[in-house]
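> One file is attached below, entry.csv, containing CSV, C-alpha atoms.
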```
chain,number,residue,atom,x,y,z
A,237,MET,CA,37.6,-55.8,6.9
A,238,GLY,CA,36.5,-59.4,7.4
A,239,ASP,CA,33.0,-60.8,7.6
A,240,ARG,CA,30.1,-58.4,8.0
A,241,ASP,CA,26.4,-59.0,8.4
A,242,GLU,CA,25.4,-55.4,7.6
A,243,ILE,CA,26.7,-52.0,6.7
A,244,TRP,CA,25.2,-49.0,8.5
A,245,HIS,CA,25.7,-45.6,6.8
A,246,ALA,CA,25.0,-42.4,8.8
A,247,GLY,CA,24.2,-40.2,5.8
A,248,ASP,CA,25.9,-38.0,3.2
A,249,ILE,CA,25.7,-40.9,0.9
A,250,GLY,CA,26.2,-38.8,-2.2
A,251,SER,CA,24.9,-41.1,-5.0
A,252,PHE,CA,23.1,-44.4,-5.6
A,253,ALA,CA,26.4,-45.8,-7.0
A,254,VAL,CA,27.7,-45.7,-3.5
A,255,THR,CA,24.7,-47.6,-2.1
A,256,GLN,CA,25.0,-50.2,-4.9
A,257,GLY,CA,28.7,-50.7,-4.2
A,258,LEU,CA,28.0,-51.1,-0.5
A,259,ARG,CA,25.1,-53.5,-1.1
A,260,ALA,CA,27.5,-55.7,-3.1
A,261,TRP,CA,29.4,-56.3,0.2
A,262,ALA,CA,26.5,-56.7,2.6
A,263,PRO,CA,22.9,-55.6,3.3
A,264,LEU,CA,22.7,-51.8,3.9
A,265,VAL,CA,20.9,-49.8,6.6
A,266,ALA,CA,21.2,-46.1,5.8
A,267,CYS,CA,19.8,-42.6,6.5
A,268,TYR,CA,20.1,-39.5,4.4
A,269,GLY,CA,22.5,-36.7,5.2
A,270,ASN,CA,22.4,-33.0,4.5
A,271,ILE,CA,24.3,-33.3,1.2
A,272,ASP,CA,21.9,-35.9,-0.2
A,273,ASP,CA,19.5,-34.8,-2.9
A,274,SER,CA,15.7,-35.2,-3.0
A,275,GLU,CA,16.0,-38.7,-4.7
A,276,MET,CA,18.2,-40.0,-2.0
A,277,ARG,CA,15.9,-38.4,0.7
A,278,ALA,CA,13.0,-40.2,-0.9
A,279,ALA,CA,14.9,-43.6,-0.8
A,280,TYR,CA,16.3,-43.3,2.8
A,281,PRO,CA,14.8,-41.9,6.0
A,282,GLU,CA,16.2,-39.1,8.2
A,283,HIS,CA,16.3,-41.5,11.2
A,284,VAL,CA,16.4,-45.2,11.4
A,285,HIS,CA,15.4,-47.0,14.6
A,286,PHE,CA,16.2,-50.7,14.7
A,287,GLU,CA,17.4,-53.5,16.9
A,288,ARG,CA,20.1,-56.1,16.6
A,289,GLU,CA,21.0,-58.8,19.1
A,290,GLY,CA,19.0,-56.9,21.8
A,291,VAL,CA,20.7,-53.6,21.2
A,292,ARG,CA,18.4,-50.7,20.3
A,293,ILE,CA,20.0,-48.6,17.6
A,294,TRP,CA,19.3,-45.1,16.3
A,295,LEU,CA,21.0,-44.2,13.1
A,296,THR,CA,20.8,-40.5,12.0
A,297,HIS,CA,23.0,-38.0,10.3
A,298,ILE,CA,23.0,-34.9,12.5
A,299,PHE,CA,23.2,-35.0,16.3
A,300,SER,CA,20.8,-32.1,16.5
A,301,PRO,CA,19.2,-30.4,19.6
A,302,GLN,CA,16.0,-32.3,18.7
A,303,VAL,CA,17.8,-35.6,18.7
A,304,LYS,CA,19.5,-34.7,22.1
A,305,LYS,CA,16.0,-34.0,23.5
A,306,GLN,CA,14.5,-37.2,22.2
A,307,LEU,CA,17.3,-39.3,23.7
A,308,LYS,CA,15.8,-38.7,27.1
A,309,THR,CA,12.6,-40.4,26.1
A,310,GLU,CA,13.6,-42.8,23.3
A,311,LYS,CA,16.9,-43.8,24.9
A,312,PRO,CA,18.6,-46.2,22.4
A,313,ASP,CA,21.5,-48.3,23.6
A,314,LEU,CA,23.5,-47.1,20.6
A,315,LEU,CA,23.4,-43.8,18.7
A,316,ILE,CA,25.3,-43.6,15.4
A,317,TYR,CA,25.6,-40.3,13.5
A,318,GLY,CA,27.8,-38.6,11.0
A,319,HIS,CA,27.8,-34.9,9.9
A,320,SER,CA,30.9,-33.7,11.7
A,321,HIS,CA,33.1,-36.2,10.0
A,322,VAL,CA,35.0,-36.4,13.3
A,323,ILE,CA,35.4,-39.9,14.7
A,324,LYS,CA,33.9,-40.4,18.1
A,325,ALA,CA,33.1,-43.3,20.5
A,326,GLU,CA,31.8,-42.4,24.0
A,327,ARG,CA,29.0,-43.1,26.4
A,328,ASP,CA,26.9,-40.2,27.6
A,329,LYS,CA,25.5,-39.5,31.1
A,330,LEU,CA,22.2,-41.3,30.1
A,331,GLY,CA,24.2,-44.5,29.3
A,332,VAL,CA,23.7,-44.1,25.5
A,333,PHE,CA,26.8,-45.2,23.5
A,334,HIS,CA,27.6,-42.6,20.8
A,335,LEU,CA,29.5,-43.6,17.6
A,336,ASN,CA,30.5,-41.3,14.8
A,337,PRO,CA,32.6,-43.2,12.2
A,338,GLY,CA,34.1,-40.0,10.7
A,339,ALA,CA,34.0,-40.1,6.9
A,340,CYS,CA,35.4,-42.5,4.3
A,341,GLY,CA,34.5,-40.5,1.2
A,342,ARG,CA,36.7,-38.2,-0.8
A,343,GLN,CA,34.5,-35.1,-0.4
A,344,GLY,CA,34.4,-33.0,2.7
A,345,PHE,CA,36.8,-31.2,5.0
A,346,HIS,CA,38.2,-34.3,6.8
A,347,LEU,CA,41.9,-35.0,6.1
A,348,VAL,CA,41.8,-38.8,6.8
A,349,LYS,CA,39.2,-41.3,5.7
A,350,THR,CA,37.9,-43.4,8.6
A,351,MET,CA,35.3,-45.9,9.4
A,352,LEU,CA,34.3,-48.2,12.3
A,353,THR,CA,33.7,-51.9,12.5
A,354,PHE,CA,32.3,-53.7,15.5
A,355,GLU,CA,30.2,-56.6,16.6
A,356,VAL,CA,26.8,-56.5,18.3
A,357,GLN,CA,26.5,-59.6,20.5
A,358,GLU,CA,24.7,-60.4,23.7
A,359,ARG,CA,23.2,-56.9,24.0
A,360,ARG,CA,26.6,-55.3,23.8
A,361,VAL,CA,28.9,-53.6,21.3
A,362,LYS,CA,32.1,-55.5,21.1
A,363,ALA,CA,35.4,-55.5,19.2
A,364,LEU,CA,35.1,-51.8,18.2
A,365,ARG,CA,37.9,-50.9,15.7
A,366,ILE,CA,38.8,-47.6,14.0
A,367,HIS,CA,40.0,-48.1,10.4
A,368,ASP,CA,42.3,-45.4,9.0
A,369,LEU,CA,41.7,-45.6,5.2
A,370,GLY,CA,44.4,-43.0,4.3
A,371,PRO,CA,44.3,-39.5,3.2
A,372,ARG,CA,41.2,-38.0,1.6
```
Go ahead and express the file in the form of structure tokens.


Amino acid sequence: MGDRDEIWHAGDIGSFAVTQGLRAWAPLVACYGNIDDSEMRAAYPEHVHFEREGVRIWLTHIFSPQVKKQLKTEKPDLLIYGHSHVIKAERDKLGVFHLNPGACGRQGFHLVKTMLTFEVQERRVKALRIHDLGPR
């Protein structure tokens, strides 16, 4: 997958072995998902708000009605979420860019493992790529 500055994980991590493996590749920013146990929830927040290269990012697992409502006032440039395991990349009517990387694990209902890579430069998301990692 080339060089990477960070890995951003949108929840449903599953185990600390996964986070250790990811940290071996690059620094990790993560939130917990609905399958994550109490230990994982203690280690990672439900929502992560951060900024990279002038891009305001909101990382969460579920694109819930509460998140939809908060988008109007918090309005990040980029919203990354998981939960559905369905890959998505689109801009909403507020101008927020939504990314769902799908799922790259072996558990879940998805048939194909996927992930996204991209660059954040000059206040923009660039070089977005979908990676098909083969059958689950």

> Using all atoms listed in the file, determine which residues lie at most 10 Å from Val303 of chain A, disregarding the query and same-chain residues fewer than 6 positions distant; provide the list as a list in words.

His283, Trp294, Thr296, Glu310 and Leu315 of chain A

> How would the residues just picked look written out with C-alpha atoms as a CSV table (one decimal), in the frame of the given file?


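File produced: again-v1.csv:
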```csv
chain,number,residue,atom,x,y,z
A,283,HIS,CA,16.3,-41.5,11.2
A,294,TRP,CA,19.3,-45.1,16.3
A,296,THR,CA,20.8,-40.5,12.0
A,310,GLU,CA,13.6,-42.8,23.3
A,315,LEU,CA,23.4,-43.8,18.7
```

> I'd like to know which of A:Pro281, A:Gly257, A:Gly290, A:Gly338 is closest to Ile316 of chain A, using all atoms listed in the file.

A:Gly338

> Show me, as an MDAnalysis selection string, the residues that have an atom within 12 Å of Lys304 of chain A when counting only C-alpha atoms, minus same-chain residues fewer than 3 positions from it.

chainID A and resid 294 296 298:301 307:312 315 317 328:330 332 334

> Please identify all polymer residues within 9 Å of Trp261 of chain A, counting only C-alpha atoms, omitting same-chain residues fewer than 2 positions from it, and present them as a VMD selection string.

chain A and resid 240 242 to 243 257 to 259 263 to 264

> If we count all atoms listed in the file and set the cut-off at 10 Å, which residues sit around Ile366 of chain A, ignoring sequence neighbours fewer than 5 positions away in its own chain? Please answer as a PDB file with C-alpha atoms, in the frame of the given file.


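Written output follows (result_29.pdb):
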```pdb
ATOM      1  CA  ILE A 323      35.400 -39.900  14.700  1.00  0.00           C
ATOM      2  CA  LYS A 324      33.900 -40.400  18.100  1.00  0.00           C
ATOM      3  CA  ALA A 325      33.100 -43.300  20.500  1.00  0.00           C
ATOM      4  CA  PRO A 337      32.600 -43.200  12.200  1.00  0.00           C
ATOM      5  CA  GLY A 338      34.100 -40.000  10.700  1.00  0.00           C
ATOM      6  CA  THR A 350      37.900 -43.400   8.600  1.00  0.00           C
ATOM      7  CA  MET A 351      35.300 -45.900   9.400  1.00  0.00           C
ATOM      8  CA  LEU A 352      34.300 -48.200  12.300  1.00  0.00           C
ATOM      9  CA  THR A 353      33.700 -51.900  12.500  1.00  0.00           C
ATOM     10  CA  PHE A 354      32.300 -53.700  15.500  1.00  0.00           C
TER      11      PHE A 354
END
```

> Would you mind reading off the distance between atom CA of Leu314 of chain A and atom CA of Ser274 of chain A, one decimal, in Å?

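Separation of atom CA of Leu314 of chain A and atom CA of Ser274 of chain A: 27.6 Å.
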
> Could you state the separation of atom CA of Gly250 of chain A and atom CA of Asp272 of chain A in Å, given to one decimal place?

5.6 Å

> What's around Ala278 of chain A at 12 Å? Count all atoms listed in the file, leave out sequence neighbours fewer than 4 positions away in its own chain, and write the answer as a VMD selection string.

chain A and resid 252 267 to 269 272 to 274 282

> Enter the distance from atom CA of Gly331 of chain A to atom CA of Glu289 of chain A, in Å, rounded to one decimal.

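That distance, rounded to one decimal, is 17.9 Å.
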
> Considering all atoms listed in the file, state which residue in the set A:Arg342, A:Arg327, A:His319, A:Arg372 is at the smallest distance from His245 of chain A.

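For His245 of chain A, the nearest of the candidates is A:His319.
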
> Between A:Ile271, A:Ala262, A:Arg277, A:Val291, single out the one closest to Glu355 of chain A, counting only C-alpha atoms.

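Comparing A:Ile271, A:Ala262, A:Arg277, A:Val291 against Glu355 of chain A, the winner is A:Val291.
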
> Taking all atoms listed in the file into account, name the residue in A:Cys340, A:Val361, A:Val322, A:Val284 that is nearest to Ile249 of chain A.

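The answer is A:Cys340, which sits nearest to Ile249 of chain A.
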
> Could N, CA and C atoms be built for segment 256-283 of chain A and written out as a PDB file, in the frame of the given file?


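Result went into selection27.pdb, see below:
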```
ATOM      1  N   GLN A 256      24.846 -48.909  -4.162  1.00  0.00           N
ATOM      2  CA  GLN A 256      25.000 -50.200  -4.900  1.00  0.00           C
ATOM      3  C   GLN A 256      26.284 -50.850  -4.605  1.00  0.00           C
ATOM      4  N   GLY A 257      27.362 -50.085  -4.504  1.00  0.00           N
ATOM      5  CA  GLY A 257      28.700 -50.700  -4.200  1.00  0.00           C
ATOM      6  C   GLY A 257      28.650 -51.282  -2.764  1.00  0.00           C
ATOM      7  N   LEU A 258      28.046 -50.589  -1.816  1.00  0.00           N
ATOM      8  CA  LEU A 258      28.000 -51.100  -0.500  1.00  0.00           C
ATOM      9  C   LEU A 258      27.119 -52.363  -0.381  1.00  0.00           C
ATOM     10  N   ARG A 259      26.003 -52.369  -1.110  1.00  0.00           N
ATOM     11  CA  ARG A 259      25.100 -53.500  -1.100  1.00  0.00           C
ATOM     12  C   ARG A 259      25.781 -54.771  -1.727  1.00  0.00           C
ATOM     13  N   ALA A 260      26.789 -54.564  -2.547  1.00  0.00           N
ATOM     14  CA  ALA A 260      27.500 -55.700  -3.100  1.00  0.00           C
ATOM     15  C   ALA A 260      28.335 -56.398  -2.002  1.00  0.00           C
ATOM     16  N   TRP A 261      28.631 -55.695  -0.926  1.00  0.00           N
ATOM     17  CA  TRP A 261      29.400 -56.300   0.200  1.00  0.00           C
ATOM     18  C   TRP A 261      28.496 -56.896   1.241  1.00  0.00           C
ATOM     19  N   ALA A 262      27.361 -56.201   1.537  1.00  0.00           N
ATOM     20  CA  ALA A 262      26.500 -56.700   2.600  1.00  0.00           C
ATOM     21  C   ALA A 262      25.175 -55.882   2.551  1.00  0.00           C
ATOM     22  N   PRO A 263      24.131 -56.372   3.221  1.00  0.00           N
ATOM     23  CA  PRO A 263      22.900 -55.600   3.300  1.00  0.00           C
ATOM     24  C   PRO A 263      23.183 -54.215   3.934  1.00  0.00           C
ATOM     25  N   LEU A 264      22.448 -53.201   3.483  1.00  0.00           N
ATOM     26  CA  LEU A 264      22.700 -51.800   3.900  1.00  0.00           C
ATOM     27  C   LEU A 264      21.527 -51.260   4.681  1.00  0.00           C
ATOM     28  N   VAL A 265      21.846 -50.621   5.791  1.00  0.00           N
ATOM     29  CA  VAL A 265      20.900 -49.800   6.600  1.00  0.00           C
ATOM     30  C   VAL A 265      21.461 -48.398   6.489  1.00  0.00           C
ATOM     31  N   ALA A 266      20.660 -47.428   6.024  1.00  0.00           N
ATOM     32  CA  ALA A 266      21.200 -46.100   5.800  1.00  0.00           C
ATOM     33  C   ALA A 266      20.128 -45.018   6.089  1.00  0.00           C
ATOM     34  N   CYS A 267      20.597 -43.827   6.396  1.00  0.00           N
ATOM     35  CA  CYS A 267      19.800 -42.600   6.500  1.00  0.00           C
ATOM     36  C   CYS A 267      20.361 -41.588   5.563  1.00  0.00           C
ATOM     37  N   TYR A 268      19.584 -40.593   5.228  1.00  0.00           N
ATOM     38  CA  TYR A 268      20.100 -39.500   4.400  1.00  0.00           C
ATOM     39  C   TYR A 268      20.857 -38.491   5.212  1.00  0.00           C
ATOM     40  N   GLY A 269      21.756 -37.763   4.551  1.00  0.00           N
ATOM     41  CA  GLY A 269      22.500 -36.700   5.200  1.00  0.00           C
ATOM     42  C   GLY A 269      22.170 -35.353   4.509  1.00  0.00           C
ATOM     43  N   ASN A 270      22.742 -34.284   5.016  1.00  0.00           N
ATOM     44  CA  ASN A 270      22.400 -33.000   4.500  1.00  0.00           C
ATOM     45  C   ASN A 270      22.919 -32.708   3.083  1.00  0.00           C
ATOM     46  N   ILE A 271      23.878 -33.471   2.585  1.00  0.00           N
ATOM     47  CA  ILE A 271      24.300 -33.300   1.200  1.00  0.00           C
ATOM     48  C   ILE A 271      23.494 -34.088   0.203  1.00  0.00           C
ATOM     49  N   ASP A 272      22.666 -34.997   0.709  1.00  0.00           N
ATOM     50  CA  ASP A 272      21.900 -35.900  -0.200  1.00  0.00           C
ATOM     51  C   ASP A 272      20.738 -35.173  -0.824  1.00  0.00           C
ATOM     52  N   ASP A 273      20.541 -35.472  -2.106  1.00  0.00           N
ATOM     53  CA  ASP A 273      19.500 -34.800  -2.900  1.00  0.00           C
ATOM     54  C   ASP A 273      18.111 -35.381  -2.599  1.00  0.00           C
ATOM     55  N   SER A 274      17.098 -34.835  -3.271  1.00  0.00           N
ATOM     56  CA  SER A 274      15.700 -35.200  -3.000  1.00  0.00           C
ATOM     57  C   SER A 274      15.473 -36.717  -3.356  1.00  0.00           C
ATOM     58  N   GLU A 275      16.142 -37.245  -4.360  1.00  0.00           N
ATOM     59  CA  GLU A 275      16.000 -38.700  -4.700  1.00  0.00           C
ATOM     60  C   GLU A 275      16.510 -39.558  -3.574  1.00  0.00           C
ATOM     61  N   MET A 276      17.664 -39.194  -3.050  1.00  0.00           N
ATOM     62  CA  MET A 276      18.200 -40.000  -2.000  1.00  0.00           C
ATOM     63  C   MET A 276      17.362 -39.848  -0.707  1.00  0.00           C
ATOM     64  N   ARG A 277      16.822 -38.644  -0.467  1.00  0.00           N
ATOM     65  CA  ARG A 277      15.900 -38.400   0.700  1.00  0.00           C
ATOM     66  C   ARG A 277      14.639 -39.212   0.540  1.00  0.00           C
ATOM     67  N   ALA A 278      14.200 -39.439  -0.670  1.00  0.00           N
ATOM     68  CA  ALA A 278      13.000 -40.200  -0.900  1.00  0.00           C
ATOM     69  C   ALA A 278      13.276 -41.733  -0.671  1.00  0.00           C
ATOM     70  N   ALA A 279      14.500 -42.144  -0.913  1.00  0.00           N
ATOM     71  CA  ALA A 279      14.900 -43.600  -0.800  1.00  0.00           C
ATOM     72  C   ALA A 279      15.260 -43.956   0.637  1.00  0.00           C
ATOM     73  N   TYR A 280      15.783 -43.004   1.404  1.00  0.00           N
ATOM     74  CA  TYR A 280      16.300 -43.300   2.800  1.00  0.00           C
ATOM     75  C   TYR A 280      15.658 -42.317   3.748  1.00  0.00           C
ATOM     76  N   PRO A 281      15.373 -42.762   4.972  1.00  0.00           N
ATOM     77  CA  PRO A 281      14.800 -41.900   6.000  1.00  0.00           C
ATOM     78  C   PRO A 281      15.815 -40.983   6.649  1.00  0.00           C
ATOM     79  N   GLU A 282      15.323 -39.998   7.384  1.00  0.00           N
ATOM     80  CA  GLU A 282      16.200 -39.100   8.200  1.00  0.00           C
ATOM     81  C   GLU A 282      16.737 -39.871   9.401  1.00  0.00           C
ATOM     82  N   HIS A 283      15.902 -40.691   9.990  1.00  0.00           N
ATOM     83  CA  HIS A 283      16.300 -41.500  11.200  1.00  0.00           C
ATOM     84  C   HIS A 283      15.861 -42.916  10.953  1.00  0.00           C
TER      85      HIS A 283
END
```
